[in-house]
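Below: one structure, written as structure tokens.
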Amino acid sequence: MTQGVKTGQNQARISYILNRFAARRAARGQAASGFVSQPEPRTIGSFAKGRQLMAGNFLFAGFLIEAPDQSIWNLPVPDPAFDEALHGFTWLDDLAAVGDRQSRVLSQDWVGDWITRFGDGSGMGWQPDLTGRRVIRWINHALMLLNGQERSFANQFFASLGAQTQYLSRRWKSAPPGLPRFEALTGLIYASLSLTGMEALADPAIQALSRECDAQIDAQGGIPTRNPEELLEVFTLLGWARIALREAGRNISVEHLSAIDRIAPTLRTLRHADGTLARFHGGGRGAEGRLDQVLSGSQTKGAAQPGPAMGFARMQAGRCTVIVDAATPPKGAASADAHASTLAFELSSGRRQVIVSCGSGEQFGREWHRAGRATPSHSTLSIEGFSSSRLGPERGLGRSPAIWLDETPSQTWAKTEHDPFHHRIFGHDGYVPTHGMTHMRELLLSPDGRLLKGCDTLGAMTAQDRRRFETIFEREKLRGIPFDIRFHIHPDADATLDMGGHAVSIALKSGEIWVFRHDEVAQLALEPSVYLEKGRIRPRPALQIVLSSKVLDYACQINWTFAKAQDTPAAIRDLEDDSDRV
């Protein structure tokens, strides 16, 4: 075990002790006696997932446990992330989405069971971000939870909410900056404005949230992790806090409103036409309908921009959208889930995605997590055996050990040619230290969105780079430096080799057909891939287009195209809804 891991474990142990002490102290403090005003649900769940919970199928953090007629708190815990999902109570949204008597009774039983088992400050659920997440759900669904219950249950419910609010007021600062701290502060604001007797805790929390907005949301409306789904969660929390403040007759700070105004256009830039997010740096596509709902509710007018938006560039024309990771990955603690995805892109046509990233493998275990972060898991160029950014040693920070990106490109650039929505040139020097090679990618999208032209170049740009290349070239006995350009295909699309193996046809469920061609400089192959998606038990099988070649001189250039060969028949255009598939 490394010294960093030992230090991190000691810090986590100290934080656990302090959290537990604060929780037990809060449990003996002032209790709330009711709501200042009747709360309304703001979170949306999945009816299908709620029905699965009622049937005893518990799918959390990639683990499925089948336990009919069992309390959710009697389940074996296969992984800490599974336990976090239980104690965060986001599953309460899914039960509320079902909305019948059985789901209500189950919700009441499981909340009451939590109070009995963990209400005294025990268990791993007493962490600021999980407590904020839990408090928001309890308040959102309070009408369902209290409906038909005895007064004794209501007293326990409000006493526990009061204790959790007091706990948050003492421990929110211990939450890591970013999403965890926003969750803790939003939960504290939510509770202090909703519960009788907690009003005095509101003003310090409101001021703290304003400071975090200034500190964590940059001028582009981005966050340090560059995770689009995490940005959506922060935006959602800020929206909920704004609504709570407005309904309580409180002023909303300039910093708070400005953060919302900055984030909204960035999320629109990262939005595919199907309403989902581009999947980069550990983020998924977002809960179904969440992005459009919060953007509509934000009442902001900022439109999607070509970028940079949190380091991403957007190209669009007709029904086609291309989103490119055009910046250096995060560094330091913000890179704990970051990917070596520089210059990777995602392509969608209408409501159907064509080219994607493999996604985050975190919920499928450490090996999948590590593999999903590597450059070959993204639709970009990678030198064989290397990623454009390199992972460092394991560090014991937070609730579980993390691996940061230690080496990232020192320079990443994006140049606009004429129209930024249609013609861009990108580059990074991530392979200069290892091979003396710079990667440049030129993308040209036709005005009607029916043709995407790409040109990938590996080149030794300076005299020093050429000397480095010559050293590696000689070490390889003049056989060249092998590299691949990968294009991961969405699993809902059907891909086949065409034209005698010189092209790939991609058929979308909408009826569209896209054809991939190249300039024959590289070897074309259609190989297995995976699509790593949250909420599934195992990775989804998929395919990838791979162009393989070798650098034999100071530069090698590969040209390729994606062209729409057949449009969507109007009668079947994007009618199928896959939102509740598991």
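How things are named: the first chain in the structure tokens is A, the next is B, and so on; residues count from 1 in each chain; ligands count from 1 in the order shown.
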Can you list, as an mmCIF file with N, CA, C and O atoms, in the first residue's frame, every protein, DNA or RNA residue that comes within 12 Å of Met499 of chain A when you count only C-alpha atoms, leaving out same-chain residues fewer than 6 positions away?
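Saved as out02.cif:
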data_model
loop_
_atom_site.group_PDB
_atom_site.id
_atom_site.type_symbol
_atom_site.label_atom_id
_atom_site.label_comp_id
_atom_site.auth_asym_id
_atom_site.auth_seq_id
_atom_site.Cartn_x
_atom_site.Cartn_y
_atom_site.Cartn_z
ATOM 1 N N SER A 505 -21.064 0.633 -43.658
ATOM 2 C CA SER A 505 -22.420 1.185 -43.673
ATOM 3 C C SER A 505 -23.012 1.110 -42.273
ATOM 4 O O SER A 505 -22.920 0.079 -41.609
ATOM 5 N N VAL A 515 -22.479 6.188 -44.369
ATOM 6 C CA VAL A 515 -21.401 5.379 -44.937
ATOM 7 C C VAL A 515 -20.064 6.024 -44.587
ATOM 8 O O VAL A 515 -19.849 7.234 -44.816
ATOM 9 N N PHE A 516 -19.162 5.203 -44.035
ATOM 10 C CA PHE A 516 -17.817 5.650 -43.695
ATOM 11 C C PHE A 516 -16.845 5.197 -44.779
ATOM 12 O O PHE A 516 -16.837 4.028 -45.178
ATOM 13 N N ARG A 517 -16.023 6.122 -45.279
ATOM 14 C CA ARG A 517 -14.973 5.808 -46.238
ATOM 15 C C ARG A 517 -13.668 6.453 -45.795
ATOM 16 O O ARG A 517 -13.665 7.374 -44.986
ATOM 17 N N HIS A 518 -12.567 5.982 -46.398
ATOM 18 C CA HIS A 518 -11.260 6.567 -46.067
ATOM 19 C C HIS A 518 -10.396 6.562 -47.316
ATOM 20 O O HIS A 518 -10.797 6.055 -48.376
ATOM 21 N N LEU A 524 -8.520 -0.769 -42.835
ATOM 22 C CA LEU A 524 -9.842 -0.624 -42.233
ATOM 23 C C LEU A 524 -10.307 -1.941 -41.627
ATOM 24 O O LEU A 524 -10.178 -2.997 -42.244
#
Selected residue of minimal separation from Thr131 of chain A among A:Asp214, A:Glu288, A:Glu183, A:Asp429, counting only C-alpha atoms: A:Glu183
Name the residues in contact with Thr43 of chain A at a cut-off of 12 Å, using only C-alpha atoms, excluding same-chain residues fewer than 2 positions from it; report them as a compact mmCIF listing (two decimals) with N, CA and C atoms, in the first residue's frame.
# COMPACT_ATOMS: atom_id res chain seq x y z
N PRO A 39 -44.57 21.36 0.82
CA PRO A 39 -43.58 21.16 -0.25
C PRO A 39 -44.20 20.50 -1.48
N GLU A 40 -43.58 20.78 -2.63
CA GLU A 40 -44.00 20.16 -3.88
C GLU A 40 -42.84 19.36 -4.45
N PRO A 41 -43.11 18.18 -5.02
CA PRO A 41 -42.03 17.37 -5.61
C PRO A 41 -41.35 18.09 -6.77
N GLY A 45 -38.69 10.63 -11.28
CA GLY A 45 -38.13 9.29 -11.30
C GLY A 45 -38.62 8.50 -12.50
N SER A 46 -38.24 7.23 -12.52
CA SER A 46 -38.61 6.34 -13.61
C SER A 46 -39.67 5.36 -13.13
N PHE A 89 -31.04 7.99 -1.38
CA PHE A 89 -32.50 8.00 -1.52
C PHE A 89 -33.00 8.53 -2.86
N THR A 90 -32.18 8.54 -3.90
CA THR A 90 -32.72 8.95 -5.20
C THR A 90 -33.73 7.94 -5.72
N TRP A 91 -33.66 6.70 -5.20
CA TRP A 91 -34.65 5.68 -5.59
C TRP A 91 -36.07 6.05 -5.14
N LEU A 92 -36.17 6.97 -4.19
CA LEU A 92 -37.49 7.42 -3.74
C LEU A 92 -38.23 8.12 -4.89
N ASP A 93 -37.47 8.77 -5.79
CA ASP A 93 -38.09 9.39 -6.96
C ASP A 93 -38.79 8.34 -7.82
N ASP A 94 -38.16 7.17 -7.95
CA ASP A 94 -38.73 6.11 -8.80
C ASP A 94 -40.00 5.52 -8.19
N LEU A 95 -40.01 5.32 -6.88
CA LEU A 95 -41.22 4.82 -6.23
C LEU A 95 -42.34 5.85 -6.32
N ALA A 96 -41.98 7.12 -6.19
CA ALA A 96 -43.00 8.17 -6.30
C ALA A 96 -43.58 8.23 -7.72
N ALA A 97 -42.75 7.87 -8.72
CA ALA A 97 -43.23 7.88 -10.11
C ALA A 97 -44.32 6.83 -10.33
N ARG A 133 -28.54 15.14 -0.40
CA ARG A 133 -29.33 14.42 -1.42
C ARG A 133 -30.57 13.79 -0.78
N ARG A 134 -30.37 13.19 0.40
CA ARG A 134 -31.46 12.50 1.09
C ARG A 134 -32.52 13.49 1.59
N ILE A 136 -33.30 16.41 0.44
CA ILE A 136 -34.08 16.94 -0.68
C ILE A 136 -35.19 15.97 -1.06
N ARG A 137 -34.87 14.66 -1.13
CA ARG A 137 -35.89 13.67 -1.50
C ARG A 137 -36.97 13.53 -0.44
N TRP A 138 -36.58 13.53 0.82
CA TRP A 138 -37.58 13.41 1.88
C TRP A 138 -38.57 14.58 1.84
N ILE A 139 -38.04 15.79 1.60
CA ILE A 139 -38.91 16.96 1.56
C ILE A 139 -39.75 16.94 0.29
N ASN A 140 -39.13 16.58 -0.84
CA ASN A 140 -39.87 16.52 -2.10
C ASN A 140 -41.08 15.60 -2.01
N HIS A 141 -40.90 14.47 -1.34
CA HIS A 141 -41.95 13.45 -1.31
C HIS A 141 -42.61 13.33 0.06
N GLU A 233 -26.08 18.24 -13.01
CA GLU A 233 -26.53 18.06 -11.63
C GLU A 233 -26.36 19.35 -10.83
N THR A 236 -29.03 21.74 -11.91
CA THR A 236 -30.32 21.34 -11.35
C THR A 236 -30.44 21.79 -9.90
N LEU A 237 -29.38 21.58 -9.12
CA LEU A 237 -29.39 21.97 -7.71
C LEU A 237 -29.54 23.48 -7.56
N GLY A 239 -30.95 25.46 -9.62
CA GLY A 239 -32.34 25.78 -9.98
C GLY A 239 -33.30 25.50 -8.85
N TRP A 240 -33.13 24.35 -8.18
CA TRP A 240 -34.00 24.03 -7.04
C TRP A 240 -33.82 25.04 -5.92
N ALA A 287 -30.24 11.83 -16.82
CA ALA A 287 -31.56 11.22 -16.65
C ALA A 287 -32.50 11.66 -17.77
N GLU A 288 -33.34 10.74 -18.21
CA GLU A 288 -34.24 11.01 -19.34
C GLU A 288 -35.11 12.24 -19.07
N GLY A 289 -35.02 13.21 -19.95
CA GLY A 289 -35.84 14.41 -19.86
C GLY A 289 -35.32 15.47 -18.90
N ARG A 290 -34.30 15.14 -18.10
CA ARG A 290 -33.84 16.10 -17.09
C ARG A 290 -33.25 17.35 -17.72
N GLN A 293 -35.86 19.67 -19.16
CA GLN A 293 -36.72 20.20 -18.10
C GLN A 293 -36.04 21.35 -17.36
N VAL A 294 -34.78 21.15 -16.96
CA VAL A 294 -34.12 22.19 -16.16
C VAL A 294 -33.75 23.39 -17.03
For Asn57 of chain A: contacts at 12 Å, only C-alpha atoms, fewer than 2 positions along chain excluded, given as a PDB file with N, CA, C and O atoms, in the first residue's frame:
ATOM      1  N   ALA A  48     -40.588   2.637 -14.615  1.00  0.00           N
ATOM      2  CA  ALA A  48     -40.091   1.268 -14.804  1.00  0.00           C
ATOM      3  C   ALA A  48     -39.166   0.860 -13.669  1.00  0.00           C
ATOM      4  O   ALA A  48     -39.239  -0.261 -13.157  1.00  0.00           O
ATOM      5  N   LYS A  49     -38.282   1.767 -13.260  1.00  0.00           N
ATOM      6  CA  LYS A  49     -37.369   1.446 -12.161  1.00  0.00           C
ATOM      7  C   LYS A  49     -38.132   1.295 -10.846  1.00  0.00           C
ATOM      8  O   LYS A  49     -37.782   0.461 -10.009  1.00  0.00           O
ATOM      9  N   GLY A  50     -39.156   2.116 -10.666  1.00  0.00           N
ATOM     10  CA  GLY A  50     -39.974   1.983  -9.466  1.00  0.00           C
ATOM     11  C   GLY A  50     -40.659   0.632  -9.397  1.00  0.00           C
ATOM     12  O   GLY A  50     -40.711  -0.009  -8.335  1.00  0.00           O
ATOM     13  N   ARG A  51     -41.189   0.157 -10.527  1.00  0.00           N
ATOM     14  CA  ARG A  51     -41.830  -1.165 -10.562  1.00  0.00           C
ATOM     15  C   ARG A  51     -40.821  -2.272 -10.276  1.00  0.00           C
ATOM     16  O   ARG A  51     -41.145  -3.269  -9.622  1.00  0.00           O
ATOM     17  N   GLN A  52     -39.604  -2.102 -10.728  1.00  0.00           N
ATOM     18  CA  GLN A  52     -38.573  -3.099 -10.450  1.00  0.00           C
ATOM     19  C   GLN A  52     -38.257  -3.154  -8.952  1.00  0.00           C
ATOM     20  O   GLN A  52     -38.082  -4.236  -8.384  1.00  0.00           O
ATOM     21  N   LEU A  53     -38.171  -1.998  -8.317  1.00  0.00           N
ATOM     22  CA  LEU A  53     -37.936  -1.969  -6.873  1.00  0.00           C
ATOM     23  C   LEU A  53     -39.060  -2.679  -6.129  1.00  0.00           C
ATOM     24  O   LEU A  53     -38.812  -3.449  -5.188  1.00  0.00           O
ATOM     25  N   MET A  54     -40.278  -2.431  -6.534  1.00  0.00           N
ATOM     26  CA  MET A  54     -41.426  -3.058  -5.874  1.00  0.00           C
ATOM     27  C   MET A  54     -41.425  -4.578  -6.055  1.00  0.00           C
ATOM     28  O   MET A  54     -41.915  -5.317  -5.203  1.00  0.00           O
ATOM     29  N   ALA A  55     -40.819  -5.045  -7.174  1.00  0.00           N
ATOM     30  CA  ALA A  55     -40.730  -6.485  -7.424  1.00  0.00           C
ATOM     31  C   ALA A  55     -39.533  -7.130  -6.737  1.00  0.00           C
ATOM     32  O   ALA A  55     -39.352  -8.348  -6.828  1.00  0.00           O
ATOM     33  N   LEU A  59     -31.260  -2.646  -8.476  1.00  0.00           N
ATOM     34  CA  LEU A  59     -30.150  -2.396  -9.382  1.00  0.00           C
ATOM     35  C   LEU A  59     -29.521  -1.055  -9.029  1.00  0.00           C
ATOM     36  O   LEU A  59     -30.080   0.004  -9.319  1.00  0.00           O
ATOM     37  N   PHE A  60     -28.348  -1.114  -8.394  1.00  0.00           N
ATOM     38  CA  PHE A  60     -27.636   0.100  -8.004  1.00  0.00           C
ATOM     39  C   PHE A  60     -26.150  -0.093  -8.291  1.00  0.00           C
ATOM     40  O   PHE A  60     -25.595  -1.166  -8.029  1.00  0.00           O
ATOM     41  N   PHE A  63     -24.821  -3.277  -9.844  1.00  0.00           N
ATOM     42  CA  PHE A  63     -25.068  -4.560  -9.182  1.00  0.00           C
ATOM     43  C   PHE A  63     -26.577  -4.805  -9.093  1.00  0.00           C
ATOM     44  O   PHE A  63     -27.326  -3.925  -8.679  1.00  0.00           O
ATOM     45  N   LEU A  64     -26.998  -6.005  -9.454  1.00  0.00           N
ATOM     46  CA  LEU A  64     -28.403  -6.393  -9.351  1.00  0.00           C
ATOM     47  C   LEU A  64     -28.555  -7.429  -8.248  1.00  0.00           C
ATOM     48  O   LEU A  64     -27.928  -8.486  -8.279  1.00  0.00           O
ATOM     49  N   ILE A  65     -29.378  -7.109  -7.258  1.00  0.00           N
ATOM     50  CA  ILE A  65     -29.695  -8.045  -6.178  1.00  0.00           C
ATOM     51  C   ILE A  65     -31.199  -8.314  -6.230  1.00  0.00           C
ATOM     52  O   ILE A  65     -32.007  -7.381  -6.184  1.00  0.00           O
ATOM     53  N   GLU A  66     -31.544  -9.563  -6.340  1.00  0.00           N
ATOM     54  CA  GLU A  66     -32.951  -9.968  -6.376  1.00  0.00           C
ATOM     55  C   GLU A  66     -33.348 -10.445  -4.986  1.00  0.00           C
ATOM     56  O   GLU A  66     -32.873 -11.472  -4.514  1.00  0.00           O
ATOM     57  N   ALA A  67     -34.208  -9.668  -4.317  1.00  0.00           N
ATOM     58  CA  ALA A  67     -34.613  -9.985  -2.946  1.00  0.00           C
ATOM     59  C   ALA A  67     -36.059  -9.566  -2.725  1.00  0.00           C
ATOM     60  O   ALA A  67     -36.333  -8.554  -2.063  1.00  0.00           O
ATOM     61  N   PRO A  68     -37.004 -10.321  -3.274  1.00  0.00           N
ATOM     62  CA  PRO A  68     -38.422  -9.991  -3.080  1.00  0.00           C
ATOM     63  C   PRO A  68     -38.805  -9.997  -1.608  1.00  0.00           C
ATOM     64  O   PRO A  68     -38.293 -10.798  -0.821  1.00  0.00           O
ATOM     65  N   ASP A  69     -39.672  -9.062  -1.246  1.00  0.00           N
ATOM     66  CA  ASP A  69     -40.211  -8.979   0.122  1.00  0.00           C
ATOM     67  C   ASP A  69     -39.136  -8.676   1.157  1.00  0.00           C
ATOM     68  O   ASP A  69     -39.307  -8.966   2.345  1.00  0.00           O
ATOM     69  N   GLN A  70     -38.007  -8.097   0.742  1.00  0.00           N
ATOM     70  CA  GLN A  70     -36.951  -7.725   1.667  1.00  0.00           C
ATOM     71  C   GLN A  70     -36.893  -6.206   1.811  1.00  0.00           C
ATOM     72  O   GLN A  70     -37.120  -5.473   0.853  1.00  0.00           O
ATOM     73  N   SER A  71     -36.576  -5.752   3.014  1.00  0.00           N
ATOM     74  CA  SER A  71     -36.318  -4.325   3.199  1.00  0.00           C
ATOM     75  C   SER A  71     -35.042  -3.963   2.452  1.00  0.00           C
ATOM     76  O   SER A  71     -34.095  -4.747   2.382  1.00  0.00           O
ATOM     77  N   ILE A  72     -35.031  -2.765   1.914  1.00  0.00           N
ATOM     78  CA  ILE A  72     -33.862  -2.309   1.184  1.00  0.00           C
ATOM     79  C   ILE A  72     -32.631  -2.251   2.084  1.00  0.00           C
ATOM     80  O   ILE A  72     -31.491  -2.335   1.627  1.00  0.00           O
ATOM     81  N   LEU A  75     -30.352  -5.675   2.512  1.00  0.00           N
ATOM     82  CA  LEU A  75     -29.624  -6.199   1.359  1.00  0.00           C
ATOM     83  C   LEU A  75     -28.137  -6.331   1.665  1.00  0.00           C
ATOM     84  O   LEU A  75     -27.557  -5.503   2.390  1.00  0.00           O
ATOM     85  N   ILE A 537     -26.596  -3.758 -15.972  1.00  0.00           N
ATOM     86  CA  ILE A 537     -25.869  -4.760 -15.196  1.00  0.00           C
ATOM     87  C   ILE A 537     -24.492  -5.023 -15.779  1.00  0.00           C
ATOM     88  O   ILE A 537     -23.542  -5.285 -15.050  1.00  0.00           O
ATOM     89  N   VAL A 582     -33.727  -1.288 -19.556  1.00  0.00           N
ATOM     90  CA  VAL A 582     -32.687  -1.599 -18.588  1.00  0.00           C
ATOM     91  C   VAL A 582     -31.795  -2.717 -19.113  1.00  0.00           C
ATOM     92  O   VAL A 582     -30.620  -2.698 -18.983  1.00  0.00           O
TER      93      VAL A 582
END
Residue set, segment 289-437 of chain A restricted to helix (DSSP H, G or I), as a PyMOL selection string: chain A and resi 290-298+332-335+362-364+366-373+375-377+432-435
Pick from A:Asp406, A:Asp337, A:Glu417, A:Asp325, whichever lies nearest to Ser379 of chain A using only C-alpha atoms: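 Nearest to Ser379 of chain A: A:Asp325.
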Separation of atom CA of Glu384 of chain A from atom CA of Leu526 of chain A, in Å and rounded to one decimal: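 These atoms are spaced 17.2 Å apart.
In this comparison, which uses only C-alpha atoms, the residue of A:Ala525, A:Gly222, A:Ala344, A:Arg479 approaching Gly501 of chain A most closely is A:Ala525.
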Near-Ala565 of chain A list (10 Å; only C-alpha atoms; drop same-chain fewer than 4 positions) as a PyMOL selection string: chain A and resi 450-451+505-507+512-516
Expected answer as a VMD selection string: strand (DSSP E or B) residues in segment 191-331 of chain A: chain A and resid 195 271 277 309 312 to 317 320 to 325
Minimum-distance residue to Glu470 of chain A, chosen among A:Thr434, A:Gln544, A:Thr561, A:Ser389 (using only C-alpha atoms):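 Closest to Glu470 of chain A of all the choices is A:Thr434.
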Interatomic distance (Å, one decimal) between atom CA of Phe153 of chain A and atom CA of Ala241 of chain A: 27.5 Å
Near-Ser335 of chain A list (7 Å; only C-alpha atoms; drop same-chain fewer than 5 positions) as a ChimeraX atom specification: /A:225,330,404-405
Computed interatomic separation between atom CA of Ala542 of chain A and atom CA of Val356 of chain A (Å):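 So the two atoms, atom CA of Ala542 of chain A and atom CA of Val356 of chain A, lie 10.6 Å apart.
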Who sits within 9 Å of Phe386 of chain A, only C-alpha atoms, same chain under 3 positions skipped, as an MDAnalysis selection string: chainID A and resid 374:376 382:383 389:390 431 434
Top pick for closest residue to Ser160 of chain A, considering A:Val105, A:Ala32, A:Ala85, A:Ala184 and counting only C-alpha atoms: A:Ala32
